[in-house]
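Participant: The following file, structure23.pdb, comprises PDB, C-alpha atoms:
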```pdb
ATOM      1  CA  MET A   1      68.061  43.563  69.535  1.00  0.00           C
ATOM      2  CA  ALA A   2      67.436  46.507  67.204  1.00  0.00           C
ATOM      3  CA  HIS A   3      69.057  49.836  68.018  1.00  0.00           C
ATOM      4  CA  GLU A   4      66.464  52.565  68.518  1.00  0.00           C
ATOM      5  CA  ASN A   5      67.251  55.807  66.703  1.00  0.00           C
ATOM      6  CA  ILE A   6      66.682  58.564  69.257  1.00  0.00           C
ATOM      7  CA  TRP A   7      67.228  61.264  66.593  1.00  0.00           C
ATOM      8  CA  THR A   8      63.910  60.734  64.827  1.00  0.00           C
ATOM      9  CA  GLY A   9      60.959  63.056  65.114  1.00  0.00           C
ATOM     10  CA  GLY A  10      62.900  66.280  65.590  1.00  0.00           C
ATOM     11  CA  ARG A  11      62.768  69.257  63.258  1.00  0.00           C
ATOM     12  CA  LEU A  12      65.407  71.560  61.821  1.00  0.00           C
ATOM     13  CA  ILE A  13      65.163  75.340  61.941  1.00  0.00           C
ATOM     14  CA  GLU A  14      67.450  77.563  59.844  1.00  0.00           C
ATOM     15  CA  LEU A  15      69.306  80.124  61.968  1.00  0.00           C
ATOM     16  CA  THR A  16      69.599  83.785  61.025  1.00  0.00           C
ATOM     17  CA  THR A  17      73.043  85.192  60.310  1.00  0.00           C
ATOM     18  CA  GLN A  18      72.887  87.151  63.582  1.00  0.00           C
ATOM     19  CA  GLU A  19      72.044  83.977  65.532  1.00  0.00           C
ATOM     20  CA  CYS A  20      74.963  82.208  63.849  1.00  0.00           C
ATOM     21  CA  TRP A  21      77.421  84.931  64.924  1.00  0.00           C
ATOM     22  CA  GLU A  22      76.078  84.873  68.484  1.00  0.00           C
ATOM     23  CA  LEU A  23      76.562  81.104  68.650  1.00  0.00           C
ATOM     24  CA  LEU A  24      80.062  81.347  67.125  1.00  0.00           C
ATOM     25  CA  ALA A  25      80.990  83.758  69.915  1.00  0.00           C
ATOM     26  CA  SER A  26      79.441  81.548  72.616  1.00  0.00           C
ATOM     27  CA  ARG A  27      82.032  78.736  72.618  1.00  0.00           C
ATOM     28  CA  PRO A  28      85.841  78.899  72.709  1.00  0.00           C
ATOM     29  CA  VAL A  29      86.618  75.891  70.483  1.00  0.00           C
ATOM     30  CA  GLY A  30      85.552  75.186  66.910  1.00  0.00           C
ATOM     31  CA  ARG A  31      86.944  73.210  63.986  1.00  0.00           C
ATOM     32  CA  ILE A  32      88.895  74.458  60.980  1.00  0.00           C
ATOM     33  CA  ALA A  33      88.620  72.413  57.783  1.00  0.00           C
ATOM     34  CA  TYR A  34      91.125  72.755  54.960  1.00  0.00           C
ATOM     35  CA  ASP A  35      92.846  70.716  52.254  1.00  0.00           C
ATOM     36  CA  ASP A  36      96.484  69.812  52.943  1.00  0.00           C
ATOM     37  CA  GLY A  37      97.105  68.488  49.438  1.00  0.00           C
ATOM     38  CA  GLU A  38      96.382  64.919  50.529  1.00  0.00           C
ATOM     39  CA  GLY A  39      92.717  65.618  51.247  1.00  0.00           C
ATOM     40  CA  PRO A  40      90.462  67.248  53.849  1.00  0.00           C
ATOM     41  CA  VAL A  41      91.805  67.917  57.353  1.00  0.00           C
ATOM     42  CA  VAL A  42      89.677  69.012  60.308  1.00  0.00           C
ATOM     43  CA  LEU A  43      91.306  70.329  63.486  1.00  0.00           C
ATOM     44  CA  PRO A  44      89.938  71.808  66.714  1.00  0.00           C
ATOM     45  CA  VAL A  45      91.135  75.357  67.461  1.00  0.00           C
ATOM     46  CA  ASN A  46      90.520  78.040  70.068  1.00  0.00           C
ATOM     47  CA  HIS A  47      88.934  80.935  68.234  1.00  0.00           C
ATOM     48  CA  LEU A  48      87.730  84.486  68.605  1.00  0.00           C
ATOM     49  CA  VAL A  49      84.935  86.250  66.721  1.00  0.00           C
ATOM     50  CA  CYS A  50      86.131  89.730  65.804  1.00  0.00           C
ATOM     51  CA  ASP A  51      84.742  92.321  63.371  1.00  0.00           C
ATOM     52  CA  GLY A  52      82.871  89.793  61.240  1.00  0.00           C
ATOM     53  CA  THR A  53      85.799  87.367  61.065  1.00  0.00           C
ATOM     54  CA  ILE A  54      86.942  84.201  62.820  1.00  0.00           C
ATOM     55  CA  ARG A  55      90.496  84.376  64.215  1.00  0.00           C
ATOM     56  CA  PHE A  56      92.760  81.817  65.837  1.00  0.00           C
ATOM     57  CA  ARG A  57      96.474  81.316  66.390  1.00  0.00           C
ATOM     58  CA  THR A  58      98.851  78.779  64.884  1.00  0.00           C
ATOM     59  CA  ALA A  59     102.578  78.096  64.739  1.00  0.00           C
ATOM     60  CA  PRO A  60     104.511  79.725  61.871  1.00  0.00           C
ATOM     61  CA  HIS A  61     105.794  76.426  60.434  1.00  0.00           C
ATOM     62  CA  SER A  62     102.705  74.311  61.038  1.00  0.00           C
ATOM     63  CA  THR A  63     101.036  72.264  58.326  1.00  0.00           C
ATOM     64  CA  LEU A  64      97.930  74.373  58.845  1.00  0.00           C
ATOM     65  CA  ALA A  65      99.831  77.634  58.250  1.00  0.00           C
ATOM     66  CA  SER A  66     101.408  76.300  55.074  1.00  0.00           C
ATOM     67  CA  HIS A  67      98.074  75.263  53.547  1.00  0.00           C
ATOM     68  CA  VAL A  68      95.451  77.882  54.445  1.00  0.00           C
ATOM     69  CA  HIS A  69      96.867  81.280  53.424  1.00  0.00           C
ATOM     70  CA  GLY A  70      94.796  82.615  50.537  1.00  0.00           C
ATOM     71  CA  HIS A  71      92.719  79.458  50.306  1.00  0.00           C
ATOM     72  CA  ARG A  72      89.079  78.641  50.890  1.00  0.00           C
ATOM     73  CA  VAL A  73      88.421  76.979  54.246  1.00  0.00           C
ATOM     74  CA  ALA A  74      85.471  76.057  56.437  1.00  0.00           C
ATOM     75  CA  PHE A  75      84.957  76.601  60.147  1.00  0.00           C
ATOM     76  CA  GLN A  76      82.324  74.753  62.153  1.00  0.00           C
ATOM     77  CA  LEU A  77      81.003  75.040  65.669  1.00  0.00           C
ATOM     78  CA  ASP A  78      78.190  73.018  67.174  1.00  0.00           C
ATOM     79  CA  ASP A  79      76.561  71.851  70.357  1.00  0.00           C
ATOM     80  CA  VAL A  80      74.516  68.693  70.872  1.00  0.00           C
ATOM     81  CA  GLU A  81      72.260  67.820  73.801  1.00  0.00           C
ATOM     82  CA  GLU A  82      71.717  64.076  73.491  1.00  0.00           C
ATOM     83  CA  PHE A  83      69.229  63.721  76.326  1.00  0.00           C
ATOM     84  CA  HIS A  84      66.847  66.240  74.741  1.00  0.00           C
ATOM     85  CA  THR A  85      67.834  65.238  71.181  1.00  0.00           C
ATOM     86  CA  SER A  86      68.504  68.852  70.316  1.00  0.00           C
ATOM     87  CA  GLY A  87      71.393  71.032  69.297  1.00  0.00           C
ATOM     88  CA  TRP A  88      72.754  73.459  66.748  1.00  0.00           C
ATOM     89  CA  SER A  89      75.474  73.735  64.141  1.00  0.00           C
ATOM     90  CA  VAL A  90      77.037  76.767  62.441  1.00  0.00           C
ATOM     91  CA  LEU A  91      79.172  76.587  59.297  1.00  0.00           C
ATOM     92  CA  VAL A  92      81.380  79.407  58.039  1.00  0.00           C
ATOM     93  CA  ARG A  93      82.918  79.213  54.577  1.00  0.00           C
ATOM     94  CA  GLY A  94      85.459  81.744  53.481  1.00  0.00           C
ATOM     95  CA  ARG A  95      89.032  82.639  52.649  1.00  0.00           C
ATOM     96  CA  ALA A  96      91.843  82.443  55.193  1.00  0.00           C
ATOM     97  CA  VAL A  97      94.823  84.774  55.473  1.00  0.00           C
ATOM     98  CA  LEU A  98      97.790  84.769  57.849  1.00  0.00           C
ATOM     99  CA  ALA A  99      98.988  87.753  59.866  1.00  0.00           C
ATOM    100  CA  ASP A 100     101.484  88.269  62.657  1.00  0.00           C
ATOM    101  CA  LEU A 101      99.946  88.313  66.148  1.00  0.00           C
ATOM    102  CA  ASP A 102     101.526  91.734  66.797  1.00  0.00           C
ATOM    103  CA  LEU A 103      99.238  93.229  64.150  1.00  0.00           C
ATOM    104  CA  HIS A 104      96.141  92.144  66.063  1.00  0.00           C
ATOM    105  CA  GLY A 105      97.219  92.230  69.698  1.00  0.00           C
ATOM    106  CA  GLU A 106      94.039  90.712  71.134  1.00  0.00           C
ATOM    107  CA  VAL A 107      94.752  89.501  74.649  1.00  0.00           C
ATOM    108  CA  GLU A 108      91.714  87.220  74.314  1.00  0.00           C
ATOM    109  CA  LEU A 109      93.208  85.438  71.311  1.00  0.00           C
ATOM    110  CA  THR A 110      94.719  82.614  73.327  1.00  0.00           C
ATOM    111  CA  THR A 111      95.492  78.999  72.612  1.00  0.00           C
ATOM    112  CA  TRP A 112      95.278  75.998  74.902  1.00  0.00           C
ATOM    113  CA  VAL A 113      98.378  74.484  73.301  1.00  0.00           C
ATOM    114  CA  ALA A 114     101.809  75.661  74.437  1.00  0.00           C
ATOM    115  CA  GLY A 115     104.441  76.836  72.011  1.00  0.00           C
ATOM    116  CA  ASN A 116     105.151  79.566  69.495  1.00  0.00           C
ATOM    117  CA  ARG A 117     101.763  80.394  67.992  1.00  0.00           C
ATOM    118  CA  GLN A 118     102.483  83.887  66.697  1.00  0.00           C
ATOM    119  CA  LEU A 119     100.520  83.647  63.470  1.00  0.00           C
ATOM    120  CA  VAL A 120      96.880  84.655  63.350  1.00  0.00           C
ATOM    121  CA  VAL A 121      94.649  82.859  60.885  1.00  0.00           C
ATOM    122  CA  GLU A 122      91.781  85.147  59.937  1.00  0.00           C
ATOM    123  CA  ILE A 123      88.798  83.757  58.076  1.00  0.00           C
ATOM    124  CA  THR A 124      86.734  86.283  56.160  1.00  0.00           C
ATOM    125  CA  PRO A 125      83.371  84.631  55.526  1.00  0.00           C
ATOM    126  CA  THR A 126      81.708  84.351  52.163  1.00  0.00           C
ATOM    127  CA  GLU A 127      78.877  82.306  53.701  1.00  0.00           C
ATOM    128  CA  VAL A 128      77.572  81.858  57.252  1.00  0.00           C
ATOM    129  CA  THR A 129      74.791  79.303  57.798  1.00  0.00           C
ATOM    130  CA  GLY A 130      73.363  77.425  60.710  1.00  0.00           C
ATOM    131  CA  ARG A 131      70.648  75.060  61.836  1.00  0.00           C
ATOM    132  CA  ARG A 132      69.021  74.222  65.122  1.00  0.00           C
ATOM    133  CA  LEU A 133      67.602  70.774  65.839  1.00  0.00           C
ATOM    134  CA  ILE A 134      64.531  70.855  68.044  1.00  0.00           C
ATOM    135  CA  GLY A 135      64.027  67.458  69.688  1.00  0.00           C
ATOM    136  CA  ASN A 136      60.795  65.563  69.978  1.00  0.00           C
TER     137      ASN A 136
END
```
What would you get if you wrote out this structure as structure tokens?
Facilitator:
Amino acid sequence: MAHENIWTGGRLIELTTQECWELLASRPVGRIAYDDGEGPVVLPVNHLVCDGTIRFRTAPHSTLASHVHGHRVAFQLDDVEEFHTSGWSVLVRGRAVLADLDLHGEVELTTWVAGNRQLVVEITPTEVTGRRLIGN
């Protein structure tokens, strides 16, 4: 029996930068993508949109902290509605820097994972793009 592709017949619409930022702020968890020296790594993180940047917390001696400071990274957030074959995806590309949590002090900048996560990773975008899939 052939598998029917339910994702045919839809159309893609490019999102404006403003729409992308609104969607980035609408969900608490996105994915950070970086190179750890062995190749690409993608991890889910709790994030906060603040002053045109993406911020999240990490542990001081984590693999992530040791590989992102000063480097180009990507951050992605999306939502898919399978029943209606629709959804959206936002991609942020930029440079990451590390700062101590005390310098930012956002109460909202929380993490779902326990432990010492006193470093803030801040991504300053060089590119923000997004697409919306409109189902059939």
Participant: For segment 63-74 of chain A, work out the shell of residues within 10 Å, counting all atoms listed in the file and skipping chain neighbours fewer than 4 positions away, then give it as an mmCIF file with C-alpha atoms, in the frame of the given file.
Facilitator:
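So the final result, stored in around24.cif, reads:
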```cif
data_model
loop_
_atom_site.group_PDB
_atom_site.id
_atom_site.type_symbol
_atom_site.label_atom_id
_atom_site.label_comp_id
_atom_site.auth_asym_id
_atom_site.auth_seq_id
_atom_site.Cartn_x
_atom_site.Cartn_y
_atom_site.Cartn_z
ATOM 1 C CA ARG A 31 86.944 73.210 63.986
ATOM 2 C CA ILE A 32 88.895 74.458 60.980
ATOM 3 C CA ALA A 33 88.620 72.413 57.783
ATOM 4 C CA TYR A 34 91.125 72.755 54.960
ATOM 5 C CA ASP A 35 92.846 70.716 52.254
ATOM 6 C CA ASP A 36 96.484 69.812 52.943
ATOM 7 C CA GLY A 37 97.105 68.488 49.438
ATOM 8 C CA PRO A 40 90.462 67.248 53.849
ATOM 9 C CA VAL A 41 91.805 67.917 57.353
ATOM 10 C CA VAL A 42 89.677 69.012 60.308
ATOM 11 C CA LEU A 43 91.306 70.329 63.486
ATOM 12 C CA ARG A 57 96.474 81.316 66.390
ATOM 13 C CA THR A 58 98.851 78.779 64.884
ATOM 14 C CA ALA A 59 102.578 78.096 64.739
ATOM 15 C CA LEU A 91 79.172 76.587 59.297
ATOM 16 C CA VAL A 92 81.380 79.407 58.039
ATOM 17 C CA ARG A 93 82.918 79.213 54.577
ATOM 18 C CA GLY A 94 85.459 81.744 53.481
ATOM 19 C CA ARG A 95 89.032 82.639 52.649
ATOM 20 C CA ALA A 96 91.843 82.443 55.193
ATOM 21 C CA VAL A 97 94.823 84.774 55.473
ATOM 22 C CA LEU A 98 97.790 84.769 57.849
ATOM 23 C CA ALA A 99 98.988 87.753 59.866
ATOM 24 C CA LEU A 119 100.520 83.647 63.470
ATOM 25 C CA VAL A 120 96.880 84.655 63.350
ATOM 26 C CA VAL A 121 94.649 82.859 60.885
ATOM 27 C CA GLU A 122 91.781 85.147 59.937
ATOM 28 C CA ILE A 123 88.798 83.757 58.076
ATOM 29 C CA THR A 124 86.734 86.283 56.160
ATOM 30 C CA PRO A 125 83.371 84.631 55.526
ATOM 31 C CA THR A 126 81.708 84.351 52.163
ATOM 32 C CA GLU A 127 78.877 82.306 53.701
ATOM 33 C CA VAL A 128 77.572 81.858 57.252
#
```
Participant: At what distance in Å, to one decimal, does atom CA of Phe75 of chain A lie from atom CA of Gln18 of chain A?
Facilitator: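 Taking atom CA of Gln18 of chain A and atom CA of Phe75 of chain A, their separation equals 16.4 Å.
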Participant: Could you state the separation of atom CA of Glu81 of chain A and atom CA of Thr17 of chain A in Å, given to one decimal place?
Facilitator: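 Taking atom CA of Glu81 of chain A as the start and atom CA of Thr17 of chain A as the end point, the length is 22.0 Å.
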Participant: Taking all atoms of segment 43-49 of chain A that the file lists, what box with edges along x, y and z, padded by 4 Å per side, do you get, with centre and edge lengths in Å to one decimal, as lines of an AutoDock Vina configuration file?
Facilitator:
```
center_x = 88.1
center_y = 78.3
center_z = 66.8
size_x = 14.4
size_y = 23.9
size_z = 14.6
```
Participant: Tell me, in Å to one decimal, how far atom CA of Arg11 of chain A is from atom CA of Arg132 of chain A.
Facilitator: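 Spanning atom CA of Arg11 of chain A to atom CA of Arg132 of chain A is a straight-line distance of 8.2 Å.
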Participant: Skipping near chain neighbours, those fewer than 5 positions away, what residues fall within 9 Å of Leu24 of chain A using all atoms listed in the file, listed as a list in words?
Facilitator: Glu19, Gly30, His47, Leu48, Val49, Ile54, Gln76, Leu77, Asp78 and Val90 of chain A
Participant: Which one of A:Gly87, A:Pro60, A:Pro44, A:Gly130 sits closest to Val29 of chain A if you count only C-alpha atoms?
Facilitator: A:Pro44
Participant: Closest to Ser89 of chain A among A:Gly10, A:Thr129, A:Ala25, A:Gly52, using only C-alpha atoms?
Facilitator: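 The answer is A:Thr129, which sits nearest to Ser89 of chain A.
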Participant: Can you spell out as a list in words the set of residues that the PyMOL selection byres ((chain A and resi 86) around 12) selects in the structure I just provided?
Facilitator: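 Answer for the PyMOL selection byres ((chain A and resi 86) around 12): Ile6, Trp7, Thr8, Gly9, Gly10, Arg11, Leu12, Ile13, Asp78, Asp79, Val80, Glu81, Glu82, Phe83, His84, Thr85, Gly87, Trp88, Ser89, Arg131, Arg132, Leu133, Ile134, Gly135 and Asn136 of chain A.
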